[in-house]
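A.B. asks: Data: protein_6.txt, compact mmCIF, C-alpha atoms.
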```txt
# COMPACT_ATOMS: atom_id res chain seq x y z
CA MET A 86 170.05 61.75 136.64
CA SER A 87 169.82 65.51 136.31
CA GLU A 88 169.53 65.15 132.53
CA ALA A 89 166.76 62.55 132.90
CA PHE A 90 164.97 64.78 135.37
CA ASP A 91 165.26 67.69 132.96
CA ARG A 92 163.71 65.59 130.18
CA ILE A 93 160.84 64.48 132.43
CA GLY A 94 160.34 68.01 133.69
CA CYS A 95 160.36 69.34 130.15
CA ARG A 96 157.76 66.82 129.02
CA THR A 97 155.62 67.63 132.05
CA LEU A 98 155.86 71.34 131.33
CA VAL A 99 154.92 70.80 127.69
CA GLY A 100 151.96 68.69 128.76
CA LEU A 101 150.78 71.35 131.16
CA LEU A 102 151.11 74.01 128.49
CA ILE A 103 149.05 71.92 126.06
CA LEU A 104 146.34 71.32 128.66
CA THR A 105 146.31 75.01 129.53
CA ALA A 106 146.00 75.95 125.86
CA LEU A 107 143.12 73.51 125.40
CA ALA A 108 141.38 74.85 128.48
CA VAL A 109 141.78 78.43 127.28
CA ARG A 110 140.53 77.48 123.82
CA THR A 111 137.54 75.61 125.25
CA GLY A 112 136.68 78.51 127.52
CA ALA A 113 136.98 80.96 124.65
CA THR A 114 134.76 78.82 122.43
CA GLU A 115 132.17 78.42 125.18
CA GLU A 116 132.28 82.16 125.66
CA ALA A 117 131.69 82.59 121.93
CA ALA A 118 128.50 80.51 122.12
CA ASP A 119 127.44 82.47 125.20
CA LYS A 120 127.96 85.80 123.45
CA GLY A 121 126.29 84.60 120.27
CA LEU A 122 123.18 83.58 122.19
CA SER A 123 123.07 86.80 124.21
CA LYS A 124 123.43 88.92 121.10
CA GLU A 125 120.66 87.07 119.27
CA ILE A 126 118.32 87.22 122.27
CA SER A 127 118.81 90.99 122.42
CA ARG A 128 118.18 91.31 118.68
CA VAL A 129 114.96 89.30 118.84
CA GLN A 130 113.80 91.30 121.87
CA GLY A 131 114.16 94.53 119.92
CA GLU A 132 112.45 93.11 116.85
CA ALA A 133 109.57 91.76 118.94
CA VAL A 134 108.81 95.25 120.21
CA ARG A 135 108.83 96.62 116.66
CA VAL A 136 106.76 94.01 114.84
CA LEU A 137 104.55 92.09 117.25
CA PRO A 138 101.06 93.26 118.17
CA GLU A 139 100.77 93.95 121.87
CA ASP A 140 98.40 91.02 122.45
CA ARG A 141 101.02 88.59 121.09
CA ARG A 142 104.07 90.21 122.57
CA SER A 143 103.90 89.15 126.22
CA ALA A 144 104.33 85.41 125.60
CA VAL A 145 107.32 86.04 123.35
CA VAL A 146 108.89 88.46 125.83
CA THR A 147 108.45 85.91 128.62
CA ARG A 148 110.15 83.24 126.53
CA LEU A 149 113.03 85.58 125.75
CA GLU A 150 113.41 86.45 129.42
CA ARG A 151 113.71 82.74 130.19
CA ALA A 152 116.32 82.40 127.45
CA ALA A 153 118.32 85.32 128.85
CA ALA A 154 118.10 83.89 132.37
CA ALA A 155 119.35 80.55 131.07
CA VAL A 156 122.38 82.24 129.52
CA ASP A 157 123.10 84.01 132.80
CA ALA A 158 122.94 80.65 134.59
CA ARG A 159 125.25 79.05 131.99
CA ARG A 160 122.45 76.78 130.78
CA LEU A 161 123.23 77.41 127.14
CA TYR A 162 121.38 74.42 125.67
CA LEU A 163 118.22 75.49 127.46
CA ALA A 164 118.77 79.07 126.29
CA LEU A 165 118.88 77.93 122.66
CA TYR A 166 115.71 75.88 123.12
CA GLU A 167 113.87 78.77 124.81
CA LEU A 168 114.97 81.16 122.07
CA GLU A 169 113.60 79.08 119.19
CA SER A 170 109.87 79.79 119.32
CA ALA A 171 110.39 83.51 120.02
CA PHE A 172 112.85 83.70 117.12
CA GLU A 173 110.40 82.04 114.73
CA VAL A 174 107.31 84.01 115.78
CA THR A 175 109.15 87.31 115.51
CA HIS A 176 110.76 86.42 112.18
CA ALA A 177 107.41 85.36 110.71
CA GLN A 178 105.64 88.50 111.89
CA ALA A 179 108.43 90.70 110.54
CA PHE A 180 108.03 89.07 107.12
CA ALA A 181 104.25 89.51 107.20
CA LYS A 182 104.62 93.17 108.14
CA LYS A 183 107.16 93.77 105.39
CA SER A 184 104.80 92.14 102.86
CA ALA A 185 101.73 94.10 103.93
CA THR A 186 101.35 95.53 100.41
CA VAL A 187 99.83 92.17 99.45
CA LYS A 188 96.16 92.82 100.14
CA THR A 189 94.05 90.24 98.31
CA PRO A 190 94.25 86.48 97.68
CA ALA A 191 94.74 87.25 93.99
CA ASP A 192 98.00 89.04 94.83
CA CYS A 193 99.39 86.12 96.80
CA PRO A 194 100.66 83.68 94.12
CA VAL A 195 103.19 86.18 92.76
CA LEU A 196 104.75 86.68 96.19
CA TRP A 197 104.69 82.94 96.92
CA ARG A 198 106.46 82.09 93.68
CA SER A 199 108.96 84.88 94.26
CA ALA A 200 109.73 83.71 97.80
CA GLY A 201 109.96 80.05 96.82
CA GLU A 202 110.17 77.08 99.13
CA PRO A 203 112.88 77.69 101.74
CA ARG A 204 116.15 76.06 100.79
CA ILE A 205 117.55 73.75 103.44
CA ARG A 206 121.24 74.56 103.64
CA GLY A 207 122.04 71.99 106.31
CA GLY A 208 125.63 71.83 107.42
CA ALA A 209 127.61 70.45 110.30
CA ALA A 210 126.41 70.76 113.88
CA ASN A 211 128.98 70.04 116.56
CA ARG A 212 126.36 69.41 119.23
CA MET A 213 123.60 66.79 119.15
CA ILE A 214 121.13 69.30 120.59
CA VAL A 215 121.94 71.70 117.75
CA ARG A 216 121.49 68.93 115.20
CA ALA A 217 118.19 67.97 116.81
CA LEU A 218 116.77 71.49 117.00
CA ALA A 219 117.95 72.38 113.50
CA SER A 220 116.62 69.24 111.82
CA SER A 221 113.30 69.57 113.62
CA ALA A 222 112.91 73.18 112.52
CA GLU A 223 113.94 72.44 108.93
CA SER A 224 111.48 69.55 108.67
CA ARG A 225 108.63 72.03 109.15
CA ALA A 226 109.78 74.54 106.54
CA GLY A 227 108.57 72.82 103.37
CA PRO A 228 105.13 71.72 104.63
CA THR A 229 104.49 75.17 106.10
CA TYR A 230 105.43 76.87 102.83
CA ARG A 231 103.18 74.58 100.79
CA ALA A 232 100.26 75.10 103.17
CA SER A 233 100.62 78.87 103.43
CA LEU A 234 99.11 79.80 100.05
CA PRO A 235 95.86 77.82 100.47
CA TYR A 236 95.77 79.10 104.04
CA ALA A 237 95.88 82.67 102.73
CA GLN A 238 92.90 81.89 100.53
CA ASP A 239 90.92 80.22 103.32
CA ALA A 240 91.86 82.13 106.48
CA GLY A 241 92.91 85.47 105.06
CA VAL A 242 95.94 87.09 103.49
CA ALA A 243 97.49 88.13 106.82
CA ALA A 244 97.45 84.55 108.08
CA GLY A 245 98.96 83.26 104.84
CA LEU A 246 101.73 85.85 104.94
CA TYR A 247 102.54 84.88 108.51
CA TYR A 248 102.88 81.21 107.62
CA LEU A 249 104.95 82.03 104.56
CA GLY A 250 107.27 83.99 106.84
CA GLU A 251 107.27 81.17 109.36
CA SER A 252 108.47 78.71 106.72
CA GLN A 253 111.51 80.93 106.25
CA ALA A 254 111.91 81.39 110.00
CA PHE A 255 112.43 77.66 110.53
CA VAL A 256 115.41 77.61 108.19
CA ALA A 257 116.77 80.87 109.58
CA PHE A 258 116.73 79.49 113.11
CA ALA A 259 118.46 76.29 112.02
CA ASP A 260 121.17 78.36 110.34
CA PHE A 261 121.63 80.47 113.46
CA ALA A 262 121.83 77.42 115.73
CA ARG A 263 124.54 75.87 113.56
CA SER A 264 126.48 79.13 113.51
CA LEU A 265 127.15 79.05 117.26
CA ALA A 266 130.66 77.99 118.25
CA TRP A 267 130.95 75.28 120.88
CA PRO A 268 133.97 73.45 122.31
CA PRO A 269 134.49 69.81 121.26
CA ALA A 270 131.64 67.67 122.54
CA GLY A 271 132.90 64.11 122.49
CA GLN A 272 131.67 61.11 120.55
CA ALA A 273 128.14 61.11 119.13
CA PRO A 274 125.80 58.78 121.02
CA PRO A 275 124.39 55.72 119.25
CA LEU A 276 121.04 56.73 117.78
CA ARG A 277 118.42 54.45 116.27
CA SER A 278 114.85 54.38 115.06
CA LEU A 279 112.33 55.13 117.79
CA ALA A 280 109.35 53.63 115.98
CA PRO A 281 108.38 51.21 118.81
CA GLU A 282 108.65 53.93 121.48
CA LEU A 283 106.67 56.41 119.42
CA GLU A 284 103.92 53.90 118.75
CA ALA A 285 103.68 52.97 122.43
CA LEU A 286 103.57 56.58 123.62
CA ASP A 287 101.01 57.51 120.98
CA ALA A 288 98.75 54.67 122.15
CA GLU A 289 99.14 55.74 125.78
CA VAL A 290 98.33 59.37 124.99
CA THR A 291 95.27 58.35 122.97
CA ARG A 292 93.95 56.19 125.82
CA ALA A 293 94.55 58.96 128.34
CA TYR A 294 92.67 61.49 126.22
CA GLU A 295 89.38 59.82 127.10
CA GLN A 296 89.99 60.57 130.79
CA MET A 297 91.32 64.11 130.43
CA THR A 298 89.55 67.18 131.68
CA GLU A 299 88.76 70.04 129.34
CA GLU A 300 91.56 72.09 130.89
CA GLU A 301 94.06 69.40 129.94
CA HIS A 302 93.09 69.25 126.25
CA PRO A 303 95.54 71.98 125.10
CA THR A 304 98.44 70.00 126.57
CA TYR A 305 97.14 66.90 124.81
CA VAL A 306 97.08 68.78 121.50
CA VAL A 307 100.64 70.02 121.96
CA THR A 308 101.78 66.52 122.92
CA SER A 309 100.13 65.02 119.83
CA VAL A 310 101.73 67.62 117.55
CA THR A 311 105.12 66.92 119.12
CA LEU A 312 104.66 63.19 118.58
CA LYS A 313 103.78 63.79 114.94
CA ARG A 314 106.99 65.77 114.50
CA ALA A 315 108.94 62.94 116.10
CA ARG A 316 107.41 60.37 113.73
CA THR A 317 108.14 62.53 110.68
CA LEU A 318 111.76 62.98 111.71
CA ASN A 319 112.14 59.32 112.61
CA ASP A 320 110.72 58.19 109.27
CA SER A 321 113.19 60.41 107.43
CA GLY A 322 116.17 59.11 109.41
CA LYS A 323 116.66 62.33 111.41
CA HIS A 324 117.11 60.41 114.63
CA ALA A 325 118.56 63.25 116.72
CA GLY A 326 115.53 65.42 116.00
CA ALA A 327 113.20 62.47 116.54
CA LEU A 328 114.78 61.75 119.92
CA LEU A 329 114.41 65.35 121.06
CA GLU A 330 110.76 65.58 120.00
CA TYR A 331 109.99 62.18 121.54
CA LEU A 332 111.45 63.28 124.87
CA LEU A 333 109.60 66.60 124.72
CA ALA A 334 106.36 64.69 124.13
CA ARG A 335 107.07 62.51 127.16
CA TYR A 336 107.85 65.60 129.23
CA ARG A 337 104.61 67.33 128.26
CA PHE A 338 102.51 64.23 128.76
CA ALA A 339 104.06 63.25 132.11
CA MET A 340 102.04 65.78 134.09
CA LEU A 341 98.80 64.49 132.54
CA ARG A 342 99.27 60.90 133.64
CA PRO A 343 96.94 59.68 136.39
CA ASP A 344 99.98 58.94 138.55
CA ALA A 345 101.57 62.35 137.89
CA VAL A 346 104.23 63.30 140.39
CA ALA A 347 103.11 65.15 143.51
CA GLU A 348 106.39 66.73 144.61
CA ALA A 349 109.68 68.01 143.24
CA PRO A 350 112.79 65.83 143.34
CA ARG A 351 115.60 66.47 145.75
CA PRO A 352 118.60 68.24 144.19
CA GLN A 353 120.76 65.21 144.98
CA ARG A 354 118.68 63.13 142.58
CA LEU A 355 119.47 65.53 139.79
CA ASP A 356 123.16 65.31 140.72
CA VAL A 357 122.99 61.55 140.23
CA GLU A 358 121.42 61.92 136.80
CA ARG A 359 123.96 64.54 135.81
CA ALA A 360 126.79 62.23 136.82
CA ARG A 361 125.44 59.49 134.52
CA LEU A 362 126.18 61.63 131.48
CA ASP A 363 129.67 60.60 130.39
CA ASP A 364 131.83 63.55 129.36
CA GLY A 365 133.26 61.46 126.52
CA ILE A 366 129.85 61.27 124.83
CA ASP A 367 127.84 64.15 123.41
CA HIS A 368 124.83 63.95 125.72
CA SER A 369 123.77 67.52 124.97
CA ILE A 370 120.14 66.49 124.33
CA ALA A 371 119.93 64.98 127.80
CA ARG A 372 121.88 67.88 129.28
CA MET A 373 119.27 70.28 127.93
CA PHE A 374 116.65 68.46 129.99
CA VAL A 375 118.95 68.50 133.02
CA GLU A 376 119.23 72.27 132.59
CA MET A 377 115.45 72.44 132.27
CA ALA A 378 115.10 70.56 135.55
CA GLU A 379 117.62 72.86 137.23
CA ALA A 380 115.62 75.90 136.13
CA ALA A 381 112.38 74.26 137.28
CA LEU A 382 113.76 73.57 140.76
CA ALA A 383 114.72 77.24 141.05
CA SER A 384 111.14 78.34 140.34
CA ASP A 385 108.71 79.61 142.97
CA ASP A 386 105.84 77.78 141.25
CA ALA A 387 105.07 74.37 142.77
CA ARG A 388 103.84 72.83 139.50
CA THR A 389 106.96 73.99 137.68
CA ARG A 390 109.15 72.44 140.38
CA ARG A 391 107.24 69.16 140.05
CA SER A 392 108.00 69.11 136.34
CA ALA A 393 111.62 68.46 137.30
CA THR A 394 110.49 65.10 138.65
CA ALA A 395 109.03 64.25 135.25
CA ILE A 396 112.46 64.86 133.76
CA VAL A 397 114.29 62.80 136.36
CA GLU A 398 111.85 59.89 136.53
CA ASP A 399 110.56 59.75 132.96
CA VAL A 400 112.48 61.77 130.38
CA LEU A 401 116.06 60.90 131.31
CA PRO A 402 115.38 57.16 131.74
CA ALA A 403 113.68 57.23 128.32
CA TYR A 404 116.76 58.94 126.89
CA HIS A 405 119.11 56.25 128.19
CA ALA A 406 116.76 53.50 127.00
CA ALA A 407 116.70 55.03 123.53
CA LEU A 408 120.50 54.84 123.35
CA ARG A 409 120.78 51.17 124.26
CA GLU A 410 122.51 49.46 121.40
CA VAL A 411 121.13 46.28 119.89
CA ARG A 412 122.87 43.25 121.35
CA PRO A 413 125.33 41.78 118.84
CA GLN A 414 124.33 38.52 117.24
CA ALA A 415 126.11 35.42 118.45
CA SER A 416 128.97 34.26 116.25
CA VAL A 417 128.76 31.03 114.26
CA GLY A 418 131.09 29.21 116.63
CA ASP A 419 129.32 30.35 119.78
CA ALA A 420 128.14 27.31 121.73
CA ASN A 421 125.41 29.41 123.35
CA ALA A 422 124.03 30.60 120.03
CA PRO A 423 120.49 29.43 119.29
CA ARG A 424 120.29 26.66 116.73
CA VAL A 425 118.82 27.71 113.41
CA VAL A 426 116.83 25.29 111.26
CA THR A 427 116.26 26.17 107.63
CA VAL A 428 113.09 24.80 106.06
CA THR A 429 112.69 24.92 102.28
CA LEU A 430 109.17 24.58 100.87
CA VAL A 431 108.94 23.12 97.37
CA ARG A 432 105.77 23.38 95.32
CA TRP A 433 105.23 20.57 92.81
CA PRO A 434 104.46 21.92 89.33
CA PHE A 435 100.83 22.03 88.21
CA THR A 436 99.42 21.33 91.68
```
Could I get this structure in the form of structure tokens?
C.D. replies:
Amino acid sequence: MSEAFDRIGCRTLVGLLILTALAVRTGATEEAADKGLSKEISRVQGEAVRVLPEDRRSAVVTRLERAAAAVDARRLYLALYELESAFEVTHAQAFAKKSATVKTPADCPVLWRSAGEPRIRGGAANRMIVRALASSAESRAGPTYRASLPYAQDAGVAAGLYYLGESQAFVAFADFARSLAWPPAGQAPPLRSLAPELEALDAEVTRAYEQMTEEEHPTYVVTSVTLKRARTLNDSGKHAGALLEYLLARYRFAMLRPDAVAEAPRPQRLDVERARLDDGIDHSIARMFVEMAEAALASDDARTRRSATAIVEDVLPAYHAALREVRPQASVGDANAPRVVTVTLVRWPFT
């Protein structure tokens, strides 16, 4: 009996050691992502001060402050999302400043050919939110590069240089996002084409535009641009990116609906939504919105707090609906299967 107990105890000890090692490894990897984000936020903050004009700096600084606050609150997916636009604006402006020797439209083609269209390196992303953000950014690189030269000729060299730099910034951000180390995330969720959802939301947004006030038009424009990104990604089979952009469009449009929410949700409601996200599935896209709602509820601004309701009542249900798998077709021997009748049409010759 003692020998059997020793064997059981030994196996138990080994199991505990393995679990401890996995926990330590996971914590270390999470810490690596945390440190990587913090380091990059600090780098972009310093670069923003050096390269951005003062009139463009405040919005970027605010975004970086939100990213840093998200890291401090352990909302790392939200931190990565908040970092993106600041990263890209600063990167683009740094390129434009470095290329300031280009003064006239006639000088532009040489630089454009030398820079070349940004090369999409791609690579593995061990988080769905990373895959979504990276594919969305990369999808904008080529079109922005191709538009930047005519833009320099129409809107001025400085504008063209900025957009040329922005085309490179999209790829640079995607590379950075993929470089972050995360612990294992679980199985990828079942993704599919969102064509019906995108068409329906686009129609709803278009109808609502006729009733919008002038103050709401900028939000409408941003929503429409986000929907266009979602369609582009969906058409190219980048379903993670399409899902993220679709949900962002819903989030931005939710506050414009006639029946927009009037109050913030109770924290318990967010707890329920958080509990729906199975740890065995990589729900990092949904978790980013949960983190966004958490940050909103911590805000002193009433409208910001209400935006958490849009996430709970609109965005997260849309996420779960988008992941519903198509029901399997009934087998041939299934008595409940619908009967299929095949009709063959034959056309008589010379009639």
A.B. asks: So what do you get for CA of Tyr404 (chain A) versus CA of Arg391 (chain A), distance-wise?
C.D. replies: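 Computed distance, CA of Tyr404 (chain A) to CA of Arg391 (chain A), equals 19.2 Å.
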A.B. asks: For each of A:Arg263, A:Arg151, A:Lys183, A:Arg390, take the minimum atom-to-atom distance to Arg351 (chain A), counting all atoms listed in the file, then give the residue where this is smallest.
C.D. replies: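 The answer is A:Arg390, which sits nearest to Arg351 (chain A).
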A.B. asks: Which neighbours of Pro275 (chain A) fall inside 12 Å, counting all atoms listed in the file, when residues of the same chain fewer than 6 positions from it are skipped, and could you give them as a list in words?
C.D. replies: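 Result of the neighbour search: Met213, His324, Ala325, Leu328, Ile366, Asp367, His368, Tyr404, His405, Ala406, Ala407, Leu408, Arg409, Glu410 and Val411 of chain A.
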A.B. asks: In Å, with one decimal, what is the gap from CA of Val400 (chain A) to CA of Arg335 (chain A)?
C.D. replies: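 That distance, rounded to one decimal, is 6.3 Å.
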A.B. asks: Hey, which of A:Ala244, A:Leu318, A:Leu362, A:Ala209 ends up closest to Leu279 (chain A)? Count all atoms listed in the file.
C.D. replies: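 Of A:Ala244, A:Leu318, A:Leu362, A:Ala209, the one nearest Leu279 (chain A) is A:Leu318, counting all atoms listed in the file.
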A.B. asks: CA of Ser233 (chain A) and CA of Leu137 (chain A), how far apart in Å?
C.D. replies: 19.5 Å
A.B. asks: Name all residues at most 9 Å from Arg160 (chain A) (count all atoms listed in the file; drop same-chain ones fewer than 5 positions away) and give them as a PyMOL selection string.
C.D. replies: chain A and resi 152+154-155+165+373+376-377+379-380
A.B. asks: Could you give me, as number ranges by chain, the residues within 12 Å of Glu289 (chain A), counting all atoms listed in the file and dropping anything in the same chain fewer than 4 positions from it?
C.D. replies: A: 282-285, 293-296, 305, 308-309, 312, 334-335, 338-339, 341-343
A.B. asks: Pick the closest to Pro402 (chain A) from A:Val136, A:Ala217, A:Ala179, A:Ala371: which is it, counting all atoms listed in the file?
C.D. replies: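 Answer, going by the shortest atom-to-atom distance: A:Ala371.
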A.B. asks: Could you check which of A:Ser264, A:Thr175, A:Thr189, A:Ser224 is closest to Asp239 (chain A), using all atoms listed in the file?
C.D. replies: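 For Asp239 (chain A), the nearest of the candidates is A:Thr189.
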A.B. asks: Which of these residues is nearest to Val156 (chain A), using only C-alpha atoms: A:Gly208, A:Pro269, A:Gly121, A:Pro235?
C.D. replies: A:Gly121
A.B. asks: Neighbours of region 180-182 of chain A within 6 Å (all atoms listed in the file; same-chain residues fewer than 3 positions away dropped), as a list in words?
C.D. replies: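 Within the cut-off, the hits are Ala177, Ala185, Leu246, Tyr247 and Gly250 of chain A.
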A.B. asks: Just write the chosen residues, C-alpha atoms, as a PDB file, in the frame of the given file.
C.D. replies:
```
ATOM      1  CA  ALA A 177     107.410  85.360 110.710  1.00  0.00           C
ATOM      2  CA  ALA A 185     101.730  94.100 103.930  1.00  0.00           C
ATOM      3  CA  LEU A 246     101.730  85.850 104.940  1.00  0.00           C
ATOM      4  CA  TYR A 247     102.540  84.880 108.510  1.00  0.00           C
ATOM      5  CA  GLY A 250     107.270  83.990 106.840  1.00  0.00           C
TER       6      GLY A 250
END
```
A.B. asks: Under the rule that all atoms listed in the file are counted, which of A:Phe374, A:Trp267, A:Phe255, A:Phe172 is the nearest residue to Ser221 (chain A)?
C.D. replies: A:Phe255
A.B. asks: Using only C-alpha atoms, which protein or nucleic acid residues come within 12 Å of Leu265 (chain A)? Drop anything in the same chain fewer than 4 positions from it, and give the result as a PyMOL selection string.
C.D. replies: chain A and resi 114-125+161-162+165+209-212+214-216+219+258-261
A.B. asks: Could those residues be written to a file, using C-alpha atoms, as a PDB file, keeping the file's coordinate frame?
C.D. replies:
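Written file, part-v6.pdb:
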```
ATOM      1  CA  THR A 114     134.760  78.820 122.430  1.00  0.00           C
ATOM      2  CA  GLU A 115     132.170  78.420 125.180  1.00  0.00           C
ATOM      3  CA  GLU A 116     132.280  82.160 125.660  1.00  0.00           C
ATOM      4  CA  ALA A 117     131.690  82.590 121.930  1.00  0.00           C
ATOM      5  CA  ALA A 118     128.500  80.510 122.120  1.00  0.00           C
ATOM      6  CA  ASP A 119     127.440  82.470 125.200  1.00  0.00           C
ATOM      7  CA  LYS A 120     127.960  85.800 123.450  1.00  0.00           C
ATOM      8  CA  GLY A 121     126.290  84.600 120.270  1.00  0.00           C
ATOM      9  CA  LEU A 122     123.180  83.580 122.190  1.00  0.00           C
ATOM     10  CA  SER A 123     123.070  86.800 124.210  1.00  0.00           C
ATOM     11  CA  LYS A 124     123.430  88.920 121.100  1.00  0.00           C
ATOM     12  CA  GLU A 125     120.660  87.070 119.270  1.00  0.00           C
ATOM     13  CA  LEU A 161     123.230  77.410 127.140  1.00  0.00           C
ATOM     14  CA  TYR A 162     121.380  74.420 125.670  1.00  0.00           C
ATOM     15  CA  LEU A 165     118.880  77.930 122.660  1.00  0.00           C
ATOM     16  CA  ALA A 209     127.610  70.450 110.300  1.00  0.00           C
ATOM     17  CA  ALA A 210     126.410  70.760 113.880  1.00  0.00           C
ATOM     18  CA  ASN A 211     128.980  70.040 116.560  1.00  0.00           C
ATOM     19  CA  ARG A 212     126.360  69.410 119.230  1.00  0.00           C
ATOM     20  CA  ILE A 214     121.130  69.300 120.590  1.00  0.00           C
ATOM     21  CA  VAL A 215     121.940  71.700 117.750  1.00  0.00           C
ATOM     22  CA  ARG A 216     121.490  68.930 115.200  1.00  0.00           C
ATOM     23  CA  ALA A 219     117.950  72.380 113.500  1.00  0.00           C
ATOM     24  CA  PHE A 258     116.730  79.490 113.110  1.00  0.00           C
ATOM     25  CA  ALA A 259     118.460  76.290 112.020  1.00  0.00           C
ATOM     26  CA  ASP A 260     121.170  78.360 110.340  1.00  0.00           C
ATOM     27  CA  PHE A 261     121.630  80.470 113.460  1.00  0.00           C
TER      28      PHE A 261
END
```
A.B. asks: Step by step: start from the point (92.0, 82.9, 97.7) in the file's coordinates, keep every protein, DNA or RNA residue that has an atom no farther than 12 Å from it, count only C-alpha atoms, and write the set as a VMD selection string.
C.D. replies: chain A and resid 188 to 194 233 to 245
